[in-house]
>>> print(open('data_20.pdb').read())   # PDB, C-alpha atoms and all ligand atoms
ATOM      1  CA  MET A  20       7.536  10.456  57.240
ATOM      2  CA  THR A  21      11.113   9.406  56.449
ATOM      3  CA  ARG A  22      12.609   7.077  58.966
ATOM      4  CA  LYS A  23      15.808   7.939  60.782
ATOM      5  CA  ARG A  24      18.822   6.015  59.619
ATOM      6  CA  VAL A  25      20.874   3.436  61.522
ATOM      7  CA  LEU A  26      24.201   2.049  60.378
ATOM      8  CA  SER A  27      26.073  -0.979  61.636
ATOM      9  CA  GLY A  28      28.547  -3.467  60.231
ATOM     10  CA  MET A  29      30.324  -6.736  60.878
ATOM     11  CA  ARG A  30      33.703  -8.019  59.837
ATOM     12  CA  PRO A  31      33.620 -11.150  57.696
ATOM     13  CA  THR A  32      36.046 -13.126  59.826
ATOM     14  CA  GLY A  33      34.013 -16.296  60.387
ATOM     15  CA  ARG A  34      30.591 -17.818  60.833
ATOM     16  CA  LEU A  35      28.463 -16.111  63.463
ATOM     17  CA  HIS A  36      27.649 -17.639  66.818
ATOM     18  CA  MET A  37      25.255 -17.183  69.743
ATOM     19  CA  GLY A  38      27.317 -14.250  70.993
ATOM     20  CA  HIS A  39      26.552 -12.386  67.765
ATOM     21  CA  LEU A  40      22.914 -13.418  67.893
ATOM     22  CA  PHE A  41      22.262 -11.930  71.309
ATOM     23  CA  GLY A  42      24.991  -9.271  71.089
ATOM     24  CA  ALA A  43      23.876  -7.742  67.791
ATOM     25  CA  LEU A  44      21.503  -9.563  65.469
ATOM     26  CA  ASP A  45      18.495  -9.657  67.799
ATOM     27  CA  ASN A  46      18.894  -5.932  68.273
ATOM     28  CA  TRP A  47      19.334  -5.287  64.545
ATOM     29  CA  ARG A  48      16.177  -7.292  63.847
ATOM     30  CA  GLN A  49      14.210  -4.939  66.079
ATOM     31  CA  LEU A  50      15.901  -1.845  64.670
ATOM     32  CA  GLN A  51      15.020  -2.756  61.091
ATOM     33  CA  GLU A  52      11.333  -2.450  62.032
ATOM     34  CA  GLN A  53      11.709   1.150  63.189
ATOM     35  CA  TYR A  54      14.596   2.650  61.253
ATOM     36  CA  ASP A  55      16.069   2.849  57.781
ATOM     37  CA  CYS A  56      18.844   0.364  58.544
ATOM     38  CA  PHE A  57      22.069  -0.033  56.582
ATOM     39  CA  PHE A  58      23.960  -3.192  57.542
ATOM     40  CA  PHE A  59      27.299  -3.772  55.910
ATOM     41  CA  ILE A  60      30.029  -6.346  55.573
ATOM     42  CA  ALA A  61      33.149  -4.560  56.770
ATOM     43  CA  ASP A  62      35.685  -6.382  54.628
ATOM     44  CA  TRP A  63      38.197  -3.533  54.621
ATOM     45  CA  HIS A  64      38.034  -3.566  58.402
ATOM     46  CA  ALA A  65      38.752  -7.300  58.344
ATOM     47  CA  LEU A  66      41.881  -6.480  56.329
ATOM     48  CA  THR A  67      43.176  -4.144  59.036
ATOM     49  CA  THR A  68      43.901  -7.175  61.211
ATOM     50  CA  ASP A  69      43.871 -10.062  58.703
ATOM     51  CA  TYR A  70      45.884  -8.434  55.925
ATOM     52  CA  ALA A  71      48.471 -11.245  55.910
ATOM     53  CA  ASP A  72      45.866 -13.902  55.112
ATOM     54  CA  PRO A  73      42.800 -12.468  53.387
ATOM     55  CA  SER A  74      41.993 -15.783  51.669
ATOM     56  CA  GLN A  75      38.752 -16.364  53.592
ATOM     57  CA  ILE A  76      37.242 -12.887  53.491
ATOM     58  CA  ARG A  77      35.095 -13.448  50.381
ATOM     59  CA  ALA A  78      33.800 -16.798  51.572
ATOM     60  CA  PHE A  79      33.002 -15.391  55.003
ATOM     61  CA  THR A  80      31.139 -12.490  53.415
ATOM     62  CA  VAL A  81      28.565 -14.977  52.116
ATOM     63  CA  GLU A  82      28.573 -16.957  55.376
ATOM     64  CA  VAL A  83      27.870 -13.859  57.460
ATOM     65  CA  VAL A  84      24.993 -12.761  55.233
ATOM     66  CA  LEU A  85      23.526 -16.278  55.476
ATOM     67  CA  ASP A  86      23.691 -15.932  59.256
ATOM     68  CA  TRP A  87      21.988 -12.518  59.088
ATOM     69  CA  LEU A  88      19.158 -13.895  56.974
ATOM     70  CA  ALA A  89      18.766 -16.976  59.164
ATOM     71  CA  ALA A  90      18.559 -14.750  62.248
ATOM     72  CA  GLY A  91      15.685 -12.804  60.705
ATOM     73  CA  LEU A  92      17.293  -9.767  59.130
ATOM     74  CA  ASP A  93      15.234  -8.775  56.145
ATOM     75  CA  PRO A  94      16.798  -7.298  52.988
ATOM     76  CA  GLN A  95      13.364  -5.889  52.081
ATOM     77  CA  GLN A  96      13.430  -3.741  55.191
ATOM     78  CA  ALA A  97      17.154  -3.086  55.554
ATOM     79  CA  THR A  98      19.954  -2.421  53.077
ATOM     80  CA  PHE A  99      22.766  -5.010  53.067
ATOM     81  CA  PHE A 100      25.987  -4.093  51.311
ATOM     82  CA  VAL A 101      29.712  -4.798  51.078
ATOM     83  CA  GLN A 102      32.044  -1.999  52.103
ATOM     84  CA  SER A 103      34.781  -2.669  49.540
ATOM     85  CA  ARG A 104      32.314  -2.381  46.687
ATOM     86  CA  LEU A 105      31.788   1.262  47.600
ATOM     87  CA  PRO A 106      35.068   3.113  47.024
ATOM     88  CA  GLU A 107      33.162   6.251  48.075
ATOM     89  CA  HIS A 108      33.930   5.251  51.699
ATOM     90  CA  ALA A 109      37.660   5.167  50.903
ATOM     91  CA  GLU A 110      37.566   8.550  49.229
ATOM     92  CA  LEU A 111      35.764  10.182  52.144
ATOM     93  CA  HIS A 112      38.208   8.505  54.530
ATOM     94  CA  LEU A 113      41.099  10.029  52.569
ATOM     95  CA  LEU A 114      39.509  13.479  52.714
ATOM     96  CA  PHE A 115      38.962  13.106  56.471
ATOM     97  CA  SER A 116      42.596  12.050  56.929
ATOM     98  CA  MET A 117      43.703  15.511  55.797
ATOM     99  CA  PHE A 118      42.213  17.292  58.796
ATOM    100  CA  THR A 119      42.041  14.638  61.511
ATOM    101  CA  PRO A 120      44.741  15.116  64.148
ATOM    102  CA  LEU A 121      46.837  12.012  64.682
ATOM    103  CA  ALA A 122      46.309  12.335  68.439
ATOM    104  CA  TRP A 123      42.551  11.696  68.016
ATOM    105  CA  LEU A 124      43.347   8.256  66.604
ATOM    106  CA  GLU A 125      46.141   7.414  69.018
ATOM    107  CA  ARG A 126      43.904   8.021  72.012
ATOM    108  CA  VAL A 127      41.090   5.659  70.901
ATOM    109  CA  PRO A 128      41.170   3.119  73.769
ATOM    110  CA  THR A 129      40.663   0.033  71.571
ATOM    111  CA  TYR A 130      43.742   0.982  69.530
ATOM    112  CA  LYS A 131      46.040   0.684  72.504
ATOM    113  CA  GLU A 132      44.232  -2.314  73.986
ATOM    114  CA  GLN A 133      44.195  -4.339  70.799
ATOM    115  CA  ARG A 134      47.836  -3.613  70.040
ATOM    116  CA  GLU A 135      48.665  -4.996  73.463
ATOM    117  CA  GLN A 136      46.283  -7.952  73.315
ATOM    118  CA  ILE A 137      46.749  -9.167  69.747
ATOM    119  CA  THR A 138      50.323 -10.347  69.789
ATOM    120  CA  ASP A 139      50.287 -12.819  66.889
ATOM    121  CA  LYS A 140      49.905 -10.050  64.270
ATOM    122  CA  ASP A 141      51.848  -6.877  63.642
ATOM    123  CA  LEU A 142      49.274  -4.142  64.095
ATOM    124  CA  GLY A 143      51.755  -1.309  63.846
ATOM    125  CA  THR A 144      50.244  -0.417  60.490
ATOM    126  CA  TYR A 145      48.798   2.718  59.007
ATOM    127  CA  GLY A 146      45.522   0.888  58.264
ATOM    128  CA  PHE A 147      45.079  -0.265  61.844
ATOM    129  CA  LEU A 148      45.675   3.170  63.331
ATOM    130  CA  GLY A 149      43.280   4.669  60.794
ATOM    131  CA  TYR A 150      40.433   2.190  61.079
ATOM    132  CA  PRO A 151      38.306   4.319  63.448
ATOM    133  CA  LEU A 152      38.540   7.097  60.854
ATOM    134  CA  LEU A 153      37.428   4.677  58.147
ATOM    135  CA  GLN A 154      34.544   3.799  60.481
ATOM    136  CA  ALA A 155      33.732   7.495  60.722
ATOM    137  CA  ALA A 156      33.569   7.641  56.931
ATOM    138  CA  ASP A 157      31.362   4.491  56.889
ATOM    139  CA  ILE A 158      28.895   6.184  59.200
ATOM    140  CA  LEU A 159      28.990   9.773  57.992
ATOM    141  CA  ILE A 160      28.671   8.907  54.310
ATOM    142  CA  TYR A 161      25.138   7.638  55.045
ATOM    143  CA  LYS A 162      24.293  10.555  57.335
ATOM    144  CA  ALA A 163      23.291   7.931  59.885
ATOM    145  CA  HIS A 164      21.450   9.275  62.921
ATOM    146  CA  TYR A 165      22.204   6.314  65.152
ATOM    147  CA  VAL A 166      24.905   3.718  65.544
ATOM    148  CA  PRO A 167      24.049   0.735  67.788
ATOM    149  CA  VAL A 168      27.080   0.000  69.960
ATOM    150  CA  GLY A 169      28.185  -1.624  73.163
ATOM    151  CA  VAL A 170      29.812   0.584  75.752
ATOM    152  CA  ASP A 171      33.363  -0.184  74.530
ATOM    153  CA  GLN A 172      32.559   1.249  71.105
ATOM    154  CA  VAL A 173      31.284   4.611  72.365
ATOM    155  CA  PRO A 174      34.705   6.307  71.871
ATOM    156  CA  HIS A 175      34.492   5.392  68.176
ATOM    157  CA  VAL A 176      31.148   7.145  67.825
ATOM    158  CA  GLU A 177      32.572  10.098  69.747
ATOM    159  CA  LEU A 178      35.473  10.298  67.284
ATOM    160  CA  THR A 179      32.962  10.176  64.412
ATOM    161  CA  ARG A 180      31.063  13.090  65.945
ATOM    162  CA  GLU A 181      34.286  15.074  66.324
ATOM    163  CA  VAL A 182      35.200  14.435  62.686
ATOM    164  CA  ALA A 183      31.729  15.577  61.573
ATOM    165  CA  ARG A 184      31.965  18.716  63.696
ATOM    166  CA  ARG A 185      35.417  19.554  62.380
ATOM    167  CA  PHE A 186      34.311  19.037  58.793
ATOM    168  CA  ASN A 187      31.163  21.117  59.239
ATOM    169  CA  PHE A 188      33.172  23.870  60.965
ATOM    170  CA  LEU A 189      36.022  23.982  58.419
ATOM    171  CA  TYR A 190      33.888  23.756  55.266
ATOM    172  CA  ARG A 191      30.114  23.642  55.376
ATOM    173  CA  ALA A 192      27.435  21.834  57.379
ATOM    174  CA  VAL A 193      27.166  18.713  55.253
ATOM    175  CA  LEU A 194      27.563  15.904  57.768
ATOM    176  CA  VAL A 195      25.154  14.634  60.418
ATOM    177  CA  GLU A 196      26.524  13.948  63.909
ATOM    178  CA  PRO A 197      25.371  10.430  64.791
ATOM    179  CA  GLU A 198      24.362   9.309  68.242
ATOM    180  CA  ALA A 199      25.414   6.075  69.909
ATOM    181  CA  LEU A 200      22.424   3.820  70.459
ATOM    182  CA  LEU A 201      23.702   2.193  73.620
ATOM    183  CA  THR A 202      22.652  -1.384  73.839
ATOM    184  CA  GLU A 203      23.028  -3.675  76.830
ATOM    185  CA  PHE A 204      23.988  -7.140  75.809
ATOM    186  CA  PRO A 205      23.569 -10.275  77.888
ATOM    187  CA  LYS A 206      26.715 -12.121  78.848
ATOM    188  CA  ILE A 207      27.189 -15.062  76.485
ATOM    189  CA  PRO A 208      29.960 -17.342  77.690
ATOM    190  CA  GLY A 209      31.418 -20.031  75.486
ATOM    191  CA  THR A 210      31.390 -23.694  76.448
ATOM    192  CA  ASP A 211      34.676 -23.280  78.376
ATOM    193  CA  GLY A 212      33.323 -20.348  80.412
ATOM    194  CA  ARG A 213      35.370 -17.687  78.591
ATOM    195  CA  LYS A 214      33.755 -15.132  76.287
ATOM    196  CA  MET A 215      32.264 -16.931  73.298
ATOM    197  CA  SER A 216      34.668 -16.607  70.392
ATOM    198  CA  LYS A 217      35.569 -18.549  67.282
ATOM    199  CA  SER A 218      39.243 -18.233  68.191
ATOM    200  CA  TYR A 219      38.726 -19.922  71.585
ATOM    201  CA  ASP A 220      37.020 -22.895  69.941
ATOM    202  CA  ASN A 221      34.149 -22.575  72.430
ATOM    203  CA  ALA A 222      31.378 -21.220  70.222
ATOM    204  CA  ILE A 223      27.914 -22.468  69.367
ATOM    205  CA  PHE A 224      27.384 -21.360  65.790
ATOM    206  CA  LEU A 225      24.074 -20.358  64.244
ATOM    207  CA  SER A 226      24.765 -23.056  61.654
ATOM    208  CA  ASP A 227      25.143 -25.810  64.280
ATOM    209  CA  THR A 228      22.585 -28.602  64.042
ATOM    210  CA  PRO A 229      20.626 -29.563  67.194
ATOM    211  CA  GLU A 230      22.947 -32.573  67.562
ATOM    212  CA  GLN A 231      25.986 -30.303  67.490
ATOM    213  CA  VAL A 232      24.418 -27.934  70.021
ATOM    214  CA  ILE A 233      23.688 -30.864  72.373
ATOM    215  CA  ALA A 234      27.218 -32.239  71.921
ATOM    216  CA  LYS A 235      28.698 -28.832  72.804
ATOM    217  CA  LEU A 236      26.418 -27.988  75.729
ATOM    218  CA  LYS A 237      26.569 -31.331  77.534
ATOM    219  CA  PRO A 238      30.247 -31.049  78.527
ATOM    220  CA  MET A 239      30.003 -27.288  79.132
ATOM    221  CA  ILE A 240      31.906 -26.048  82.150
ATOM    222  CA  THR A 241      29.829 -25.345  85.305
ATOM    223  CA  ASP A 242      30.488 -24.042  88.810
ATOM    224  CA  PRO A 243      33.797 -25.805  89.622
ATOM    225  CA  ALA A 244      32.666 -26.239  93.248
ATOM    226  CA  ARG A 245      30.192 -28.896  92.092
ATOM    227  CA  LYS A 246      32.658 -31.719  91.783
ATOM    228  CA  ARG A 247      30.155 -34.324  92.994
ATOM    229  CA  ARG A 248      26.424 -34.521  92.381
ATOM    230  CA  SER A 249      25.872 -33.909  96.120
ATOM    231  CA  ASP A 250      27.892 -30.653  96.176
ATOM    232  CA  PRO A 251      25.721 -27.525  96.159
ATOM    233  CA  GLY A 252      26.514 -24.949  93.482
ATOM    234  CA  ASN A 253      26.251 -21.245  92.869
ATOM    235  CA  PRO A 254      24.403 -20.291  89.678
ATOM    236  CA  GLU A 255      25.784 -16.769  89.765
ATOM    237  CA  ILE A 256      29.266 -18.012  88.918
ATOM    238  CA  CYS A 257      28.134 -20.745  86.545
ATOM    239  CA  PRO A 258      28.408 -20.081  82.781
ATOM    240  CA  VAL A 259      25.527 -22.485  82.115
ATOM    241  CA  TYR A 260      23.325 -20.249  84.229
ATOM    242  CA  ASP A 261      24.345 -17.246  82.089
ATOM    243  CA  LEU A 262      22.804 -19.098  79.163
ATOM    244  CA  HIS A 263      19.700 -19.905  81.229
ATOM    245  CA  LYS A 264      19.287 -16.142  81.674
ATOM    246  CA  VAL A 265      18.941 -15.865  77.911
ATOM    247  CA  PHE A 266      16.761 -18.876  77.195
ATOM    248  CA  THR A 267      14.912 -20.058  80.309
ATOM    249  CA  PRO A 268      11.876 -18.148  81.609
ATOM    250  CA  GLN A 269      12.584 -16.265  84.827
ATOM    251  CA  ALA A 270       9.953 -18.174  86.814
ATOM    252  CA  GLU A 271      11.568 -21.507  86.007
ATOM    253  CA  ARG A 272      15.061 -20.173  86.632
ATOM    254  CA  GLU A 273      14.189 -18.786  90.015
ATOM    255  CA  GLY A 274      11.681 -21.452  90.970
ATOM    256  CA  ALA A 275      13.592 -24.560  89.920
ATOM    257  CA  ILE A 276      17.160 -23.980  88.726
ATOM    258  CA  VAL A 277      18.440 -21.712  91.495
ATOM    259  CA  PRO A 278      16.977 -23.681  94.414
ATOM    260  CA  GLY A 279      17.858 -26.978  92.718
ATOM    261  CA  CYS A 280      21.469 -25.930  92.179
ATOM    262  CA  THR A 281      22.094 -24.340  95.584
ATOM    263  CA  SER A 282      20.611 -27.321  97.441
ATOM    264  CA  ALA A 283      22.157 -29.945  95.139
ATOM    265  CA  GLY A 284      18.587 -31.028  94.401
ATOM    266  CA  ILE A 285      19.387 -31.183  90.696
ATOM    267  CA  GLY A 286      22.569 -32.263  88.961
ATOM    268  CA  CYS A 287      24.347 -30.239  86.305
ATOM    269  CA  LEU A 288      23.239 -32.635  83.598
ATOM    270  CA  ASP A 289      19.581 -32.181  84.612
ATOM    271  CA  CYS A 290      20.173 -28.454  84.578
ATOM    272  CA  LYS A 291      21.656 -28.568  81.070
ATOM    273  CA  GLN A 292      18.694 -30.636  79.950
ATOM    274  CA  VAL A 293      16.389 -27.792  81.010
ATOM    275  CA  LEU A 294      18.614 -25.345  79.144
ATOM    276  CA  LEU A 295      18.414 -27.468  76.000
ATOM    277  CA  LYS A 296      14.634 -27.707  76.345
ATOM    278  CA  HIS A 297      14.474 -23.907  76.007
ATOM    279  CA  ALA A 298      17.466 -23.245  73.746
ATOM    280  CA  LEU A 299      16.782 -25.745  70.977
ATOM    281  CA  PRO A 300      13.385 -24.294  69.973
ATOM    282  CA  VAL A 301      15.169 -20.955  69.452
ATOM    283  CA  LEU A 302      18.332 -22.236  67.765
ATOM    284  CA  THR A 303      16.985 -25.080  65.617
ATOM    285  CA  PRO A 304      14.749 -22.976  63.331
ATOM    286  CA  ILE A 305      17.717 -20.648  62.738
ATOM    287  CA  SER A 306      20.057 -23.471  61.746
ATOM    288  CA  GLU A 307      17.369 -25.070  59.570
ATOM    289  CA  ARG A 308      16.632 -21.790  57.840
ATOM    290  CA  ARG A 309      20.331 -21.250  57.324
ATOM    291  CA  ALA A 310      20.847 -24.703  55.812
ATOM    292  CA  GLU A 311      18.033 -24.013  53.354
ATOM    293  CA  LEU A 312      19.396 -20.567  52.464
ATOM    294  CA  ALA A 313      22.916 -21.971  52.010
ATOM    295  CA  ARG A 314      21.650 -24.067  49.119
ATOM    296  CA  HIS A 315      21.126 -20.849  47.141
ATOM    297  CA  PRO A 316      24.223 -18.659  47.544
ATOM    298  CA  GLU A 317      23.218 -16.833  44.357
ATOM    299  CA  ARG A 318      20.410 -15.225  46.374
ATOM    300  CA  VAL A 319      22.962 -13.768  48.760
ATOM    301  CA  HIS A 320      24.860 -12.273  45.836
ATOM    302  CA  ALA A 321      21.648 -10.788  44.434
ATOM    303  CA  ILE A 322      20.767  -9.283  47.834
ATOM    304  CA  LEU A 323      24.234  -7.740  48.102
ATOM    305  CA  ASP A 324      24.102  -6.409  44.523
ATOM    306  CA  ASP A 325      20.779  -4.778  45.181
ATOM    307  CA  GLY A 326      21.796  -3.375  48.579
ATOM    308  CA  THR A 327      25.123  -2.097  47.269
ATOM    309  CA  ALA A 328      23.307  -0.212  44.497
ATOM    310  CA  ARG A 329      20.936   1.320  47.081
ATOM    311  CA  ALA A 330      23.849   2.257  49.336
ATOM    312  CA  ARG A 331      25.752   3.792  46.430
ATOM    313  CA  ARG A 332      22.926   6.226  45.715
ATOM    314  CA  VAL A 333      23.272   7.692  49.205
ATOM    315  CA  ALA A 334      27.066   7.418  49.497
ATOM    316  CA  SER A 335      27.817   9.078  46.158
ATOM    317  CA  GLU A 336      25.509  11.972  46.977
ATOM    318  CA  THR A 337      27.184  12.666  50.340
ATOM    319  CA  LEU A 338      30.646  12.343  48.817
ATOM    320  CA  ALA A 339      29.739  14.835  46.078
ATOM    321  CA  GLU A 340      28.454  17.279  48.713
ATOM    322  CA  ALA A 341      31.592  16.830  50.803
ATOM    323  CA  LYS A 342      33.891  17.440  47.821
ATOM    324  CA  GLU A 343      31.878  20.447  46.791
ATOM    325  CA  ALA A 344      32.109  21.851  50.333
ATOM    326  CA  MET A 345      35.880  21.309  50.336
ATOM    327  CA  GLY A 346      36.181  22.972  46.953
ATOM    328  CA  ILE A 347      37.747  20.084  45.048
TER     329      ILE A 347
HETATM  330  S1  LIG A 401      23.158 -27.017  88.464
HETATM  331 FE1  LIG A 401      23.126 -25.672  86.691
HETATM  332  S2  LIG A 401      23.539 -23.651  87.487
HETATM  333 FE2  LIG A 401      24.164 -25.114  89.056
HETATM  334  S3  LIG A 401      26.358 -25.451  88.695
HETATM  335 FE3  LIG A 401      25.226 -27.070  87.598
HETATM  336  S4  LIG A 401      24.951 -26.259  85.557
HETATM  337 FE4  LIG A 401      25.487 -24.538  86.862
END
>>> encode(input="data_20.pdb", output="structure tokens")
Amino acid sequence: MTRKRVLSGMRPTGRLHMGHLFGALDNWRQLQEQYDCFFFIADWHALTTDYADPSQIRAFTVEVVLDWLAAGLDPQQATFFVQSRLPEHAELHLLFSMFTPLAWLERVPTYKEQREQITDKDLGTYGFLGYPLLQAADILIYKAHYVPVGVDQVPHVELTREVARRFNFLYRAVLVEPEALLTEFPKIPGTDGRKMSKSYDNAIFLSDTPEQVIAKLKPMITDPARKRRSDPGNPEICPVYDLHKVFTPQAEREGAIVPGCTSAGIGCLDCKQVLLKHALPVLTPISERRAELARHPERVHAILDDGTARARRVASETLAEAKEAMGI
């Protein structure tokens, strides 16, 4: 029986951190067991925001794939490829642009939000407005059945479905309408309590050694009410406790951390020690695996060559069907 197909991608804008691990890679690792997964490096998407300085995109492409491999993604089970090596995506995107109303793109919520939030770059570009349509081409060219997304990305999948419907209605039923595979992600705060992000300088990277993880977690921000060791705290507003929810077994969290914190029975340093006891056995093998893999970047290139060839077989077939249906 042929497996249903899943497609997902990441922009090569930096090394991956714990937020990516629990926000995507853990999920992808499970999906690759059940589905025919296509995971791609979205380097054209990186250009939509980083067009003024693309100098790092190639280097980060390798870094991101190293992180994928270290986190347990398996190129034997899934297909890894680089978007820009498949001009078929660009051609389908161009064809879609002929019949996609501008209003569909202007109403994508992330378009408005990001234009407001990202103030250090001029995003008033054609590429930035069109990137959800490029995403639609990325997905539809593989006839993906599912796209794993967080709730904020659902409008993008909805746009993709609308594009597929419009194409199939105007020409012929060639494209598959994908479904959003809604995934709930745990909250992963950075060491300063804000969302973990490379740009906030608060991230714990998958490449960090145990010493680096310890050095970052020890000074991590806690409940600000605990100024002194004798002050009781509230785990529910403490970013360290958010990380406990990911690493520390529930029984220990509820039996020791919560009562210890709320009664000031334990100090924050003790609490972080418990976190490290559970986090390091998860993070250390990843960073060790990554360090070993990084010694052989040629393997990453071979994996991407192989995956890109596999992807091309599917992409070129769909593009040919789409062109045939459009009569060009
Ligand atoms: S004891 Fe733990 S949960 Fe409580 S405030 Fe300190 S670090 Fe946070």
>>> residues_near_ligand(input="data_20.pdb", ligand="ligand LIG 401 (chain A)", cutoff="9 Å", atoms="only C-alpha atoms and all ligand atoms", output="MDAnalysis selection string")
chainID A and resid 239:245 248 251:261 263 276:277 279:281 283:291 294
>>> resolve_selection(input="data_20.pdb", expression="the PyMOL selection byres (((chain A and resi 177) around 10) and not hetatm)", output="list of chain:residue names")
A:Val127, A:Ala155, A:Gln172, A:Val173, A:Pro174, A:His175, A:Val176, A:Leu178, A:Thr179, A:Arg180, A:Glu181, A:Val182, A:Ala183, A:Glu196, A:Pro197, A:Glu198, A:Ala199
>>> atom_distance(input="data_20.pdb", atom1="atom CA of A:Leu201", atom2="atom CA of A:Gly169")
5.9 Å
>>> atom_distance(input="data_20.pdb", atom1="atom CA of A:Ile160", atom2="atom CA of A:Trp87")
22.9 Å
>>> axis_aligned_box(input="data_20.pdb", around="stretch 68-77 of chain A", padding_each_side="6 Å", output="JSON")
{"center_x": 41.8, "center_y": -11.8, "center_z": 55.8, "size_x": 25.4, "size_y": 21.2, "size_z": 22.8}
>>> resolve_selection(input="data_20.pdb", expression="the PyMOL selection byres (((chain A and resi 186) around 10) and not hetatm)", output="JSON, numbers by chain")
{"A": [114, 115, 118, 119, 180, 181, 182, 183, 184, 185, 187, 188, 189, 190, 191, 192, 193, 194, 341, 344, 345]}
>>> resolve_selection(input="data_20.pdb", expression="the PyMOL selection byres (((chain A and resi 52-55) around 10) and not hetatm)", output="VMD selection string")
chain A and resid 21 to 26 47 to 51 56 to 58 92 to 93 96 to 98 163 to 165
>>> residues_around(input="data_20.pdb", residues="A:Arg34", least_positions_apart="3", cutoff="8 Å", atoms="only C-alpha atoms", output="tab-separated table (two decimals) with C-alpha atoms, in the frame of the given file")
chain	number	residue	atom	x	y	z
A	31	PRO	CA	33.62	-11.15	57.70
A	79	PHE	CA	33.00	-15.39	55.00
A	82	GLU	CA	28.57	-16.96	55.38
A	83	VAL	CA	27.87	-13.86	57.46
A	86	ASP	CA	23.69	-15.93	59.26
A	224	PHE	CA	27.38	-21.36	65.79
A	225	LEU	CA	24.07	-20.36	64.24
A	226	SER	CA	24.76	-23.06	61.65
>>> atom_distance(input="data_20.pdb", atom1="atom CA of A:Val84", atom2="atom CA of A:Glu203")
23.5 Å
>>> residues_around(input="data_20.pdb", residues="stretch 136-144 of chain A", least_positions_apart="6", cutoff="10 Å", atoms="only C-alpha atoms", output="list of chain:residue names")
A:Thr67, A:Thr68, A:Asp69, A:Tyr70, A:Ala71, A:Thr129, A:Tyr130
>>> residues_around(input="data_20.pdb", residues="A:Ala222", least_positions_apart="3", cutoff="9 Å", atoms="only C-alpha atoms", output="list in words")
Leu35, His36, Met37, Gly38, Pro208, Gly209, Thr210, Lys214, Met215, Ser216, Lys217, Ser218, Tyr219 and Lys235 of chain A
>>> residues_around(input="data_20.pdb", residues="stretch 231-234 of chain A", least_positions_apart="4", cutoff="9 Å", atoms="all atoms listed in the file", output="ChimeraX atom specification")
/A:223-224,227,238,295,299,302
